[in-house]
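Participant: Hey, dropping target.pdb in here, PDB, C-alpha atoms:
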```pdb
MODEL        1
ATOM      1  CA  GLN E   1     -31.446  16.865 -48.491
ATOM      2  CA  ILE E   2     -32.212  19.951 -46.370
ATOM      3  CA  LEU E   3     -29.821  22.870 -46.125
ATOM      4  CA  TYR E   4     -30.308  25.592 -43.500
ATOM      5  CA  PHE E   5     -28.974  29.120 -43.437
ATOM      6  CA  CYS E   6     -29.976  31.979 -41.143
ATOM      7  CA  LYS E   7     -32.060  35.072 -41.945
ATOM      8  CA  PRO E   8     -33.859  33.690 -43.834
ATOM      9  CA  LYS E   9     -33.425  29.956 -43.498
ATOM     10  CA  ILE E  10     -33.199  28.311 -46.898
ATOM     11  CA  ARG E  11     -34.650  24.855 -47.167
ATOM     12  CA  ILE E  12     -34.206  22.695 -50.248
ATOM     13  CA  MET E  13     -37.313  20.535 -50.359
ATOM     14  CA  ASN E  14     -37.033  17.367 -52.394
ATOM     15  CA  PHE E  15     -40.439  16.191 -53.527
ATOM     16  CA  SER E  16     -39.117  13.128 -55.319
ATOM     17  CA  THR E  17     -41.469  11.040 -53.165
ATOM     18  CA  ILE E  18     -44.470  12.467 -55.000
ATOM     19  CA  PRO E  19     -45.634   9.999 -57.642
ATOM     20  CA  LYS E  20     -44.971  10.909 -61.253
ATOM     21  CA  ILE E  21     -47.907  12.682 -62.876
ATOM     22  CA  LYS E  22     -47.659  12.618 -66.659
ATOM     23  CA  THR E  23     -43.997  11.516 -66.243
ATOM     24  CA  LEU E  24     -43.074  14.632 -64.237
ATOM     25  CA  THR E  25     -41.413  14.366 -60.841
ATOM     26  CA  PHE E  26     -41.855  17.399 -58.607
ATOM     27  CA  PHE E  27     -38.920  19.166 -57.019
ATOM     28  CA  PHE E  28     -38.801  22.691 -55.700
ATOM     29  CA  PHE E  29     -36.737  25.101 -53.655
ATOM     30  CA  ALA E  30     -38.421  26.653 -50.654
ATOM     31  CA  ILE E  31     -37.484  29.513 -48.368
ATOM     32  CA  PHE E  32     -38.054  28.421 -44.780
ATOM     33  CA  LEU E  33     -39.511  31.376 -42.855
ATOM     34  CA  CYS E  34     -37.731  31.871 -39.523
ATOM     35  CA  GLY E  35     -40.400  32.892 -37.042
ATOM     36  CA  CYS E  36     -37.965  33.403 -34.143
ATOM     37  CA  ASN E  37     -36.104  36.310 -35.794
ATOM     38  CA  ASN E  38     -38.676  37.734 -38.176
ATOM     39  CA  LYS E  39     -40.908  40.462 -36.716
ATOM     40  CA  ASN E  40     -42.514  41.410 -40.028
ATOM     41  CA  GLU E  41     -45.231  38.776 -39.780
ATOM     42  CA  GLY E  42     -48.958  38.600 -40.088
ATOM     43  CA  THR E  43     -51.364  35.733 -39.571
ATOM     44  CA  LEU E  44     -52.786  33.649 -42.391
ATOM     45  CA  GLN E  45     -55.971  31.924 -41.278
ATOM     46  CA  ILE E  46     -57.083  28.975 -43.402
ATOM     47  CA  GLU E  47     -60.666  27.820 -42.919
ATOM     48  CA  PHE E  48     -61.619  24.433 -44.361
ATOM     49  CA  CYS E  49     -64.961  24.449 -46.184
ATOM     50  CA  HIS E  50     -66.875  21.629 -47.883
ATOM     51  CA  ARG E  51     -69.379  22.083 -50.678
ATOM     52  CA  VAL E  52     -71.378  20.190 -53.251
ATOM     53  CA  GLU E  53     -72.341  22.024 -56.445
ATOM     54  CA  ASN E  54     -71.314  25.379 -54.903
ATOM     55  CA  ALA E  55     -73.583  24.952 -51.862
ATOM     56  CA  PRO E  56     -72.491  24.124 -48.292
ATOM     57  CA  LEU E  57     -72.382  20.382 -47.650
ATOM     58  CA  GLN E  58     -75.515  19.029 -45.973
ATOM     59  CA  LEU E  59     -74.946  15.908 -43.917
ATOM     60  CA  HIS E  60     -77.123  12.805 -43.535
ATOM     61  CA  GLN E  61     -79.401  13.618 -46.463
ATOM     62  CA  LEU E  62     -79.712  11.551 -49.631
ATOM     63  CA  ILE E  63     -79.978  14.630 -51.837
ATOM     64  CA  TYR E  64     -76.918  14.474 -54.087
ATOM     65  CA  GLU E  65     -76.285  12.751 -57.408
ATOM     66  CA  ASN E  66     -72.873  12.283 -58.988
ATOM     67  CA  LYS E  67     -71.988  12.303 -62.681
ATOM     68  CA  ALA E  68     -72.523   8.535 -62.921
ATOM     69  CA  GLY E  69     -76.099   9.040 -61.757
ATOM     70  CA  ASN E  70     -75.559   7.592 -58.256
ATOM     71  CA  PRO E  71     -77.765   9.230 -55.600
ATOM     72  CA  TYR E  72     -75.614   9.642 -52.485
ATOM     73  CA  GLN E  73     -75.332  11.254 -49.085
ATOM     74  CA  VAL E  74     -72.359  12.271 -46.971
ATOM     75  CA  ASP E  75     -72.159  11.588 -43.237
ATOM     76  CA  GLU E  76     -68.466  12.158 -42.448
ATOM     77  CA  VAL E  77     -65.477  13.858 -44.093
ATOM     78  CA  LYS E  78     -61.963  13.373 -42.705
ATOM     79  CA  TYR E  79     -58.558  13.818 -44.371
ATOM     80  CA  PHE E  80     -54.914  14.841 -44.108
ATOM     81  CA  ILE E  81     -53.134  17.595 -45.973
ATOM     82  CA  SER E  82     -49.372  17.866 -45.547
ATOM     83  CA  LYS E  83     -46.249  19.798 -46.609
ATOM     84  CA  ILE E  84     -48.251  23.023 -46.789
ATOM     85  CA  CYS E  85     -46.441  25.830 -48.636
ATOM     86  CA  LEU E  86     -47.157  29.267 -50.068
ATOM     87  CA  ILE E  87     -46.066  30.439 -53.523
ATOM     88  CA  ASP E  88     -44.518  33.900 -53.723
ATOM     89  CA  GLU E  89     -44.338  36.350 -56.608
ATOM     90  CA  GLN E  90     -41.095  34.778 -57.829
ATOM     91  CA  ASN E  91     -42.832  31.376 -58.037
ATOM     92  CA  ARG E  92     -40.814  30.116 -55.068
ATOM     93  CA  TYR E  93     -42.481  27.676 -52.711
ATOM     94  CA  ILE E  94     -42.333  29.059 -49.175
ATOM     95  CA  ALA E  95     -42.097  26.438 -46.459
ATOM     96  CA  LEU E  96     -43.646  27.524 -43.166
ATOM     97  CA  ALA E  97     -41.833  26.787 -39.915
ATOM     98  CA  GLY E  98     -43.899  24.522 -37.687
ATOM     99  CA  VAL E  99     -46.465  23.920 -40.431
ATOM    100  CA  THR E 100     -44.847  22.466 -43.558
ATOM    101  CA  GLU E 101     -43.270  19.597 -41.622
ATOM    102  CA  ASN E 102     -46.458  18.772 -39.670
ATOM    103  CA  PRO E 103     -49.474  17.242 -41.461
ATOM    104  CA  HIS E 104     -52.841  18.834 -40.695
ATOM    105  CA  TYR E 105     -55.841  16.616 -39.982
ATOM    106  CA  VAL E 106     -59.359  17.778 -40.877
ATOM    107  CA  ASP E 107     -62.572  16.284 -39.509
ATOM    108  CA  ILE E 108     -65.776  18.201 -40.164
ATOM    109  CA  SER E 109     -67.181  16.988 -36.828
ATOM    110  CA  LEU E 110     -64.250  18.512 -34.884
ATOM    111  CA  SER E 111     -64.313  22.304 -34.932
ATOM    112  CA  GLU E 112     -60.726  22.554 -33.705
ATOM    113  CA  THR E 113     -59.508  20.958 -36.967
ATOM    114  CA  MET E 114     -61.448  23.295 -39.246
ATOM    115  CA  LYS E 115     -59.099  26.284 -39.018
ATOM    116  CA  LEU E 116     -55.350  26.628 -39.296
ATOM    117  CA  ASN E 117     -53.516  29.783 -38.206
ATOM    118  CA  ILE E 118     -50.071  30.315 -39.693
ATOM    119  CA  ASN E 119     -47.466  33.013 -38.986
ATOM    120  CA  VAL E 120     -46.362  34.317 -42.376
ATOM    121  CA  GLU E 121     -43.890  36.974 -43.472
ATOM    122  CA  GLU E 122     -45.708  40.021 -44.785
ATOM    123  CA  GLY E 123     -45.839  40.295 -48.541
ATOM    124  CA  ASN E 124     -47.698  39.306 -51.673
ATOM    125  CA  TYR E 125     -48.349  35.684 -52.587
ATOM    126  CA  LYS E 126     -49.795  34.042 -55.658
ATOM    127  CA  GLY E 127     -50.713  30.552 -54.581
ATOM    128  CA  PHE E 128     -51.034  27.755 -52.055
ATOM    129  CA  ALA E 129     -49.692  24.207 -52.310
ATOM    130  CA  PHE E 130     -49.880  21.004 -50.309
ATOM    131  CA  ILE E 131     -49.778  17.236 -50.530
ATOM    132  CA  PHE E 132     -53.197  15.630 -50.331
ATOM    133  CA  GLY E 133     -52.738  12.779 -47.902
ATOM    134  CA  LEU E 134     -49.285  11.815 -46.670
ATOM    135  CA  ASP E 135     -46.235  11.066 -48.777
ATOM    136  CA  LYS E 136     -43.906   8.130 -48.125
ATOM    137  CA  GLU E 137     -41.743  10.233 -45.805
ATOM    138  CA  ASP E 138     -44.678  11.273 -43.608
ATOM    139  CA  ASN E 139     -46.866   8.164 -43.795
ATOM    140  CA  ILE E 140     -45.259   6.094 -41.051
ATOM    141  CA  SER E 141     -47.272   3.678 -38.914
ATOM    142  CA  HIS E 142     -47.675   4.767 -35.259
ATOM    143  CA  ARG E 143     -46.488   8.297 -36.013
ATOM    144  CA  PHE E 144     -49.571   9.638 -34.256
ATOM    145  CA  VAL E 145     -50.134   8.266 -30.770
ATOM    146  CA  ASN E 146     -53.235  10.250 -29.803
ATOM    147  CA  PRO E 147     -56.715  10.472 -31.316
ATOM    148  CA  PRO E 148     -58.150  11.620 -33.596
ATOM    149  CA  GLU E 149     -55.151  11.126 -35.911
ATOM    150  CA  ALA E 150     -54.185   7.804 -34.311
ATOM    151  CA  ASN E 151     -57.639   6.431 -35.124
ATOM    152  CA  PHE E 152     -57.080   7.193 -38.811
ATOM    153  CA  PHE E 153     -54.637   4.303 -39.255
ATOM    154  CA  TRP E 154     -54.416   2.252 -42.461
ATOM    155  CA  PRO E 155     -53.899  -1.498 -41.787
ATOM    156  CA  ASP E 156     -50.262  -2.586 -41.921
ATOM    157  CA  ILE E 157     -51.159  -5.570 -44.096
ATOM    158  CA  LEU E 158     -52.503  -3.115 -46.713
ATOM    159  CA  GLY E 159     -49.445  -0.867 -46.650
ATOM    160  CA  GLY E 160     -49.589   0.760 -43.223
ATOM    161  CA  GLY E 161     -49.478   4.384 -42.212
ATOM    162  CA  TYR E 162     -52.728   6.321 -42.293
ATOM    163  CA  HIS E 163     -55.754   6.992 -44.427
ATOM    164  CA  TYR E 164     -55.485  10.005 -46.687
ATOM    165  CA  MET E 165     -59.237  10.539 -46.628
ATOM    166  CA  GLN E 166     -62.536   9.088 -45.503
ATOM    167  CA  ILE E 167     -65.821  10.251 -46.985
ATOM    168  CA  ASN E 168     -68.431   8.050 -45.367
ATOM    169  CA  GLY E 169     -72.082   7.958 -46.298
ATOM    170  CA  LYS E 170     -74.556   6.004 -48.390
ATOM    171  CA  TRP E 171     -75.597   5.601 -52.004
ATOM    172  CA  GLU E 172     -78.679   4.236 -53.708
ATOM    173  CA  THR E 173     -78.436   1.440 -56.290
ATOM    174  CA  PRO E 174     -80.609   1.200 -59.437
ATOM    175  CA  ASP E 175     -82.736  -1.310 -57.456
ATOM    176  CA  ASN E 176     -83.384   1.362 -54.815
ATOM    177  CA  GLU E 177     -81.201  -0.406 -52.263
ATOM    178  CA  ILE E 178     -79.364   1.890 -49.846
ATOM    179  CA  LYS E 179     -75.744   0.792 -49.403
ATOM    180  CA  THR E 180     -72.889   1.989 -47.226
ATOM    181  CA  MET E 181     -70.337   4.226 -48.973
ATOM    182  CA  ASN E 182     -66.852   3.998 -47.471
ATOM    183  CA  PHE E 183     -64.938   6.243 -49.855
ATOM    184  CA  HIS E 184     -61.478   5.733 -48.311
ATOM    185  CA  THR E 185     -58.122   6.580 -49.869
ATOM    186  CA  GLY E 186     -54.597   5.609 -48.865
ATOM    187  CA  ILE E 187     -51.801   3.263 -49.888
ATOM    188  CA  GLY E 188     -52.894   0.855 -52.613
ATOM    189  CA  GLN E 189     -51.837  -2.686 -53.351
ATOM    190  CA  LEU E 190     -51.190  -4.730 -56.466
ATOM    191  CA  TYR E 191     -52.148  -8.413 -56.294
ATOM    192  CA  GLU E 192     -51.008 -11.411 -58.269
ATOM    193  CA  GLU E 193     -53.805 -12.246 -60.721
ATOM    194  CA  ASN E 194     -55.910  -9.567 -59.004
ATOM    195  CA  SER E 195     -56.751 -12.097 -56.278
ATOM    196  CA  LEU E 196     -57.217  -9.536 -53.458
ATOM    197  CA  GLN E 197     -55.577 -12.080 -51.164
ATOM    198  CA  ILE E 198     -53.098 -10.546 -48.722
ATOM    199  CA  ALA E 199     -50.531 -13.237 -49.472
ATOM    200  CA  ASP E 200     -50.607 -12.226 -53.158
ATOM    201  CA  ILE E 201     -49.628  -8.574 -52.672
ATOM    202  CA  TYR E 202     -46.475  -7.898 -54.684
ATOM    203  CA  GLN E 203     -46.340  -4.087 -54.596
ATOM    204  CA  TYR E 204     -47.666  -1.142 -52.592
ATOM    205  CA  VAL E 205     -48.679   2.081 -54.348
ATOM    206  CA  HIS E 206     -48.459   5.515 -52.736
ATOM    207  CA  ASN E 207     -51.497   7.474 -53.927
ATOM    208  CA  HIS E 208     -50.851  10.925 -52.430
ATOM    209  CA  PHE E 209     -50.664  13.826 -54.872
ATOM    210  CA  LEU E 210     -49.606  17.466 -55.099
ATOM    211  CA  VAL E 211     -52.273  20.191 -55.088
ATOM    212  CA  THR E 212     -51.258  23.648 -56.353
ATOM    213  CA  ILE E 213     -53.895  26.392 -56.302
ATOM    214  CA  PRO E 214     -53.215  29.789 -57.934
ATOM    215  CA  HIS E 215     -54.655  32.608 -55.813
ATOM    216  CA  ASN E 216     -53.366  36.136 -55.261
ATOM    217  CA  PHE E 217     -53.398  37.418 -51.692
ATOM    218  CA  SER E 218     -51.393  39.623 -49.345
ATOM    219  CA  VAL E 219     -50.294  39.280 -45.743
ATOM    220  CA  THR E 220     -49.838  42.460 -43.696
ATOM    221  CA  LYS E 221     -47.723  42.818 -40.564
ATOM    222  CA  ASN E 222     -49.706  42.258 -37.343
ATOM    223  CA  GLU E 223     -52.927  41.647 -39.264
ATOM    224  CA  THR E 224     -54.930  38.541 -40.141
ATOM    225  CA  THR E 225     -55.616  37.444 -43.714
ATOM    226  CA  SER E 226     -58.404  34.880 -44.013
ATOM    227  CA  LEU E 227     -58.740  32.358 -46.833
ATOM    228  CA  ASN E 228     -61.248  29.551 -47.359
ATOM    229  CA  LEU E 229     -59.830  26.268 -48.659
ATOM    230  CA  VAL E 230     -62.854  24.642 -50.287
ATOM    231  CA  MET E 231     -63.242  20.934 -50.989
ATOM    232  CA  ASN E 232     -65.735  20.583 -53.847
ATOM    233  CA  ILE E 233     -66.900  17.072 -53.041
ATOM    234  CA  GLU E 234     -68.677  16.334 -56.330
ATOM    235  CA  ASN E 235     -65.342  16.617 -58.160
ATOM    236  CA  TRP E 236     -64.022  13.471 -56.504
ATOM    237  CA  PHE E 237     -66.498  11.631 -58.749
ATOM    238  CA  GLN E 238     -65.770  13.400 -62.054
ATOM    239  CA  ASN E 239     -63.140  15.013 -64.261
ATOM    240  CA  PRO E 240     -61.359  13.316 -65.855
ATOM    241  CA  ASN E 241     -62.950  10.062 -64.673
ATOM    242  CA  THR E 242     -66.595   9.281 -63.986
ATOM    243  CA  TYR E 243     -66.643   7.395 -60.699
ATOM    244  CA  ASP E 244     -69.517   4.905 -60.341
ATOM    245  CA  HIS E 245     -70.362   3.524 -56.885
ATOM    246  CA  ASN E 246     -72.331   0.712 -58.517
ATOM    247  CA  TYR E 247     -69.143  -0.446 -60.264
ATOM    248  CA  PHE E 248     -66.645  -0.032 -57.426
ATOM    249  CA  GLY E 249     -68.925  -0.860 -54.512
ATOM    250  CA  GLY E 250     -68.808   0.517 -51.007
ATOM    251  CA  SER E 251     -65.291  -0.511 -49.937
ATOM    252  CA  ILE E 252     -62.224   0.420 -52.014
ATOM    253  CA  MET E 253     -59.225   0.090 -49.683
ATOM    254  CA  GLN E 254     -58.048  -2.923 -51.721
ATOM    255  CA  ASN E 255     -58.993  -1.503 -55.105
ATOM    256  CA  GLN E 256     -56.062   0.294 -56.751
ATOM    257  CA  GLU E 257     -58.110   1.004 -59.869
ATOM    258  CA  ALA E 258     -60.476   3.084 -57.747
ATOM    259  CA  GLN E 259     -57.605   4.700 -55.826
ATOM    260  CA  GLU E 260     -55.907   5.768 -59.064
ATOM    261  CA  MET E 261     -59.127   7.178 -60.477
ATOM    262  CA  ILE E 262     -59.747   9.216 -57.322
ATOM    263  CA  LYS E 263     -56.179  10.532 -57.366
ATOM    264  CA  GLN E 264     -56.603  11.711 -60.951
ATOM    265  CA  ASN E 265     -59.934  13.333 -60.129
ATOM    266  CA  GLY E 266     -58.326  15.205 -57.251
ATOM    267  CA  CYS E 267     -56.741  17.771 -59.599
ATOM    268  CA  ASP E 268     -59.624  20.235 -59.263
ATOM    269  CA  VAL E 269     -61.306  19.220 -56.005
ATOM    270  CA  PHE E 270     -59.844  22.149 -54.050
ATOM    271  CA  THR E 271     -60.272  25.856 -54.637
ATOM    272  CA  ILE E 272     -59.400  28.950 -52.581
ATOM    273  CA  GLU E 273     -61.520  31.995 -51.992
TER     274      GLU E 273
ENDMDL
END
```
Could the structure of this file be written out as structure tokens, please?

Facilitator:
Amino acid sequence: QILYFCKPKIRIMNFSTIPKIKTLTFFFFAIFLCGCNNKNEGTLQIEFCHRVENAPLQLHQLIYENKAGNPYQVDEVKYFISKICLIDEQNRYIALAGVTENPHYVDISLSETMKLNINVEEGNYKGFAFIFGLDKEDNISHRFVNPPEANFFWPDILGGGYHYMQINGKWETPDNEIKTMNFHTGIGQLYEENSLQIADIYQYVHNHFLVTIPHNFSVTKNETTSLNLVMNIENWFQNPNTYDHNYFGGSIMQNQEAQEMIKQNGCDVFTIE
């Protein structure tokens, strides 16, 4: 249910579509900033950064090793974040007109996706929140008709909609064999007797999750505040779960065990600076 009022617009955001994490279901109230009437705005510029062990990500080089001891390299990173909000000093989640309702696609090979400029009411804020991936409301097949988002589709027979993330690369096995790493997340499936046969799917599982990052910052009227949203790639493979490419293999779109582990590991993948 969404209720609107004027100056400011109040939006009640129901996050009941977010999966339960430790039996909690997320709901919050959000003030919807009305850009058309509000002149006391500055610009918040979000730059998307990608690191491994606190250093900028280096592509196409087999130089990394995860907690399971798998040597790996990264060639591509693509993902959606959605329902972007700010957290104010009263711990209210501030929905942003034109932004919160529109998922943002990131592809490290496309410079135009690597920054997001948002008009924000001046003031002090204490955090940033978003859904990693797309929730059930947003993850609708054929929603995006143009590339690059349209090319990020998730097969209808596996649940439809779109990928949440693709980290593509390679890893090295204990036998020194180099294998393809398609670290893809999205809607999972449960199979009768774990058959992995499409006809045996009896349930789909939405694997998006809420990310909330505490960070104090201020926005000043007619000025730009810049923040870096950092994806710490090594954390996808650790904390609380040790992810082993040798166990899960190079393709996990039909592996809900892997999808659940990645979702749990996502709790500390992102930081702000």

Participant: Restricting the calculation to only C-alpha atoms: of E:Phe270, E:Phe209, E:Trp236, E:Phe48, which residue gets closest to Glu112 of chain E?

Facilitator: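 Once distances to Glu112 of chain E are computed over only C-alpha atoms, the minimum belongs to E:Phe48.
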
Participant: Smallest atom-to-atom distance to Lys221 of chain E: which of E:Pro71, E:Pro56, E:Gly186, E:Gly123, using all atoms listed in the file?

Facilitator: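 Between E:Pro71, E:Pro56, E:Gly186, E:Gly123, the residue approaching Lys221 of chain E most closely is E:Gly123.
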
Participant: Segment 80-97 of chain E: which residues within 6 Å, counting all atoms listed in the file, same-chain residues fewer than 2 positions away excluded, as a compact mmCIF listing (two decimals) with C-alpha atoms, in the coordinates of the input?

Facilitator:
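Output file selection.txt is given in full below:
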```
# COMPACT_ATOMS: atom_id res chain seq x y z
CA ALA E 30 -38.42 26.65 -50.65
CA ILE E 31 -37.48 29.51 -48.37
CA PHE E 32 -38.05 28.42 -44.78
CA LEU E 33 -39.51 31.38 -42.86
CA VAL E 99 -46.46 23.92 -40.43
CA THR E 100 -44.85 22.47 -43.56
CA GLU E 101 -43.27 19.60 -41.62
CA PRO E 103 -49.47 17.24 -41.46
CA HIS E 104 -52.84 18.83 -40.70
CA TYR E 105 -55.84 16.62 -39.98
CA TYR E 125 -48.35 35.68 -52.59
CA LYS E 126 -49.80 34.04 -55.66
CA GLY E 127 -50.71 30.55 -54.58
CA PHE E 128 -51.03 27.76 -52.06
CA ALA E 129 -49.69 24.21 -52.31
CA PHE E 130 -49.88 21.00 -50.31
CA ILE E 131 -49.78 17.24 -50.53
CA PHE E 132 -53.20 15.63 -50.33
CA GLY E 133 -52.74 12.78 -47.90
CA TYR E 164 -55.48 10.01 -46.69
```

Participant: From the set E:Asn235, E:Thr220, E:Gln203, E:Asn102, which residue has the shortest atom-to-atom contact distance to Phe144 of chain E, counting only C-alpha atoms?

Facilitator: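 Checking each candidate against Phe144 of chain E, we get E:Asn102 as the closest.
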
Participant: With distances taken over all atoms listed in the file, which of E:Glu149, E:Glu273, E:Asp138, E:Glu121 is nearest to Lys39 of chain E?

Facilitator: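 Comparing E:Glu149, E:Glu273, E:Asp138, E:Glu121 against Lys39 of chain E, the winner is E:Glu121.
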
Participant: May I have the residues at most 7 Å from (-70.7, 4.6, -51.5) in the file's coordinates, counting only C-alpha atoms, as a PyMOL selection string?

Facilitator: chain E and resi 169-171+179-183+245+249-250

Participant: Include C-alpha atoms and write out the residues we just selected as a PDB file, keeping the file's coordinate frame.

Facilitator:
```
ATOM      1  CA  GLY E 169     -72.082   7.958 -46.298  1.00  0.00           C
ATOM      2  CA  LYS E 170     -74.556   6.004 -48.390  1.00  0.00           C
ATOM      3  CA  TRP E 171     -75.597   5.601 -52.004  1.00  0.00           C
ATOM      4  CA  LYS E 179     -75.744   0.792 -49.403  1.00  0.00           C
ATOM      5  CA  THR E 180     -72.889   1.989 -47.226  1.00  0.00           C
ATOM      6  CA  MET E 181     -70.337   4.226 -48.973  1.00  0.00           C
ATOM      7  CA  ASN E 182     -66.852   3.998 -47.471  1.00  0.00           C
ATOM      8  CA  PHE E 183     -64.938   6.243 -49.855  1.00  0.00           C
ATOM      9  CA  HIS E 245     -70.362   3.524 -56.885  1.00  0.00           C
ATOM     10  CA  GLY E 249     -68.925  -0.860 -54.512  1.00  0.00           C
ATOM     11  CA  GLY E 250     -68.808   0.517 -51.007  1.00  0.00           C
TER      12      GLY E 250
END
```

Participant: So, counting only C-alpha atoms, which residue among E:Thr212, E:Asn70, E:Gln264, E:Gln189 is closest to Leu229 of chain E?

Facilitator: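 Between E:Thr212, E:Asn70, E:Gln264, E:Gln189, the residue approaching Leu229 of chain E most closely is E:Thr212.
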
Participant: If the PyMOL selection byres ((chain E and resi 266) around 10) were run on this exact file, what residues would it hold? Put them as a PDB file with C-alpha atoms, in the frame of the given file.

Facilitator:
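Done, and the output landed in selection-v9.pdb:
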```
ATOM      1  CA  PHE E 132     -53.197  15.630 -50.331  1.00  0.00           C
ATOM      2  CA  HIS E 208     -50.851  10.925 -52.430  1.00  0.00           C
ATOM      3  CA  PHE E 209     -50.664  13.826 -54.872  1.00  0.00           C
ATOM      4  CA  LEU E 210     -49.606  17.466 -55.099  1.00  0.00           C
ATOM      5  CA  VAL E 211     -52.273  20.191 -55.088  1.00  0.00           C
ATOM      6  CA  MET E 231     -63.242  20.934 -50.989  1.00  0.00           C
ATOM      7  CA  ASN E 232     -65.735  20.583 -53.847  1.00  0.00           C
ATOM      8  CA  ILE E 233     -66.900  17.072 -53.041  1.00  0.00           C
ATOM      9  CA  ASN E 235     -65.342  16.617 -58.160  1.00  0.00           C
ATOM     10  CA  TRP E 236     -64.022  13.471 -56.504  1.00  0.00           C
ATOM     11  CA  PHE E 237     -66.498  11.631 -58.749  1.00  0.00           C
ATOM     12  CA  GLN E 238     -65.770  13.400 -62.054  1.00  0.00           C
ATOM     13  CA  ASN E 239     -63.140  15.013 -64.261  1.00  0.00           C
ATOM     14  CA  PRO E 240     -61.359  13.316 -65.855  1.00  0.00           C
ATOM     15  CA  GLU E 260     -55.907   5.768 -59.064  1.00  0.00           C
ATOM     16  CA  MET E 261     -59.127   7.178 -60.477  1.00  0.00           C
ATOM     17  CA  ILE E 262     -59.747   9.216 -57.322  1.00  0.00           C
ATOM     18  CA  LYS E 263     -56.179  10.532 -57.366  1.00  0.00           C
ATOM     19  CA  GLN E 264     -56.603  11.711 -60.951  1.00  0.00           C
ATOM     20  CA  ASN E 265     -59.934  13.333 -60.129  1.00  0.00           C
ATOM     21  CA  CYS E 267     -56.741  17.771 -59.599  1.00  0.00           C
ATOM     22  CA  ASP E 268     -59.624  20.235 -59.263  1.00  0.00           C
ATOM     23  CA  VAL E 269     -61.306  19.220 -56.005  1.00  0.00           C
ATOM     24  CA  PHE E 270     -59.844  22.149 -54.050  1.00  0.00           C
TER      25      PHE E 270
END
```

Participant: With a distance cut-off of 8 Å and all atoms listed in the file, select the neighbouring residues of Gln254 of chain E, excluding the residue or stretch itself and same-chain residues fewer than 6 positions from it, and output the selection as a PDB file with C-alpha atoms, in the coordinates of the input.

Facilitator:
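File written: result_18.pdb
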```pdb
ATOM      1  CA  LEU E 158     -52.503  -3.115 -46.713  1.00  0.00           C
ATOM      2  CA  GLY E 188     -52.894   0.855 -52.613  1.00  0.00           C
ATOM      3  CA  GLN E 189     -51.837  -2.686 -53.351  1.00  0.00           C
ATOM      4  CA  LEU E 196     -57.217  -9.536 -53.458  1.00  0.00           C
TER       5      LEU E 196
END
```

Participant: How far is it from atom CA of Gln61 of chain E to atom CA of Ala150 of chain E, in Å with one decimal?

Facilitator: 28.6 Å

Participant: Hey, which of E:Val145, E:Tyr247, E:Gly160, E:Gln166 ends up closest to Val106 of chain E? Count only C-alpha atoms.

Facilitator: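 Distance minimum relative to Val106 of chain E lands on E:Gln166.
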
Participant: Expand the PyMOL selection byres ((chain E and resi 47) around 10) into the individual residues it matches in the shown file, reporting them as a PyMOL selection string.

Facilitator: chain E and resi 44-46+48-49+113-117+226-230+272

Participant: To one decimal in Å, tell me the separation between atom CA of Asp75 of chain E and atom CA of Leu62 of chain E.

Facilitator: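 Atom-to-atom, atom CA of Asp75 of chain E to atom CA of Leu62 of chain E, that is 9.9 Å.
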
Participant: I want to know what sits within 10 Å of Thr224 of chain E, based on all atoms listed in the file, with residues of the same chain fewer than 6 positions away left out; could you give that as JSON, numbers by chain?

Facilitator: {"E": [41, 42, 43, 44, 45, 117, 118, 119, 120, 218]}
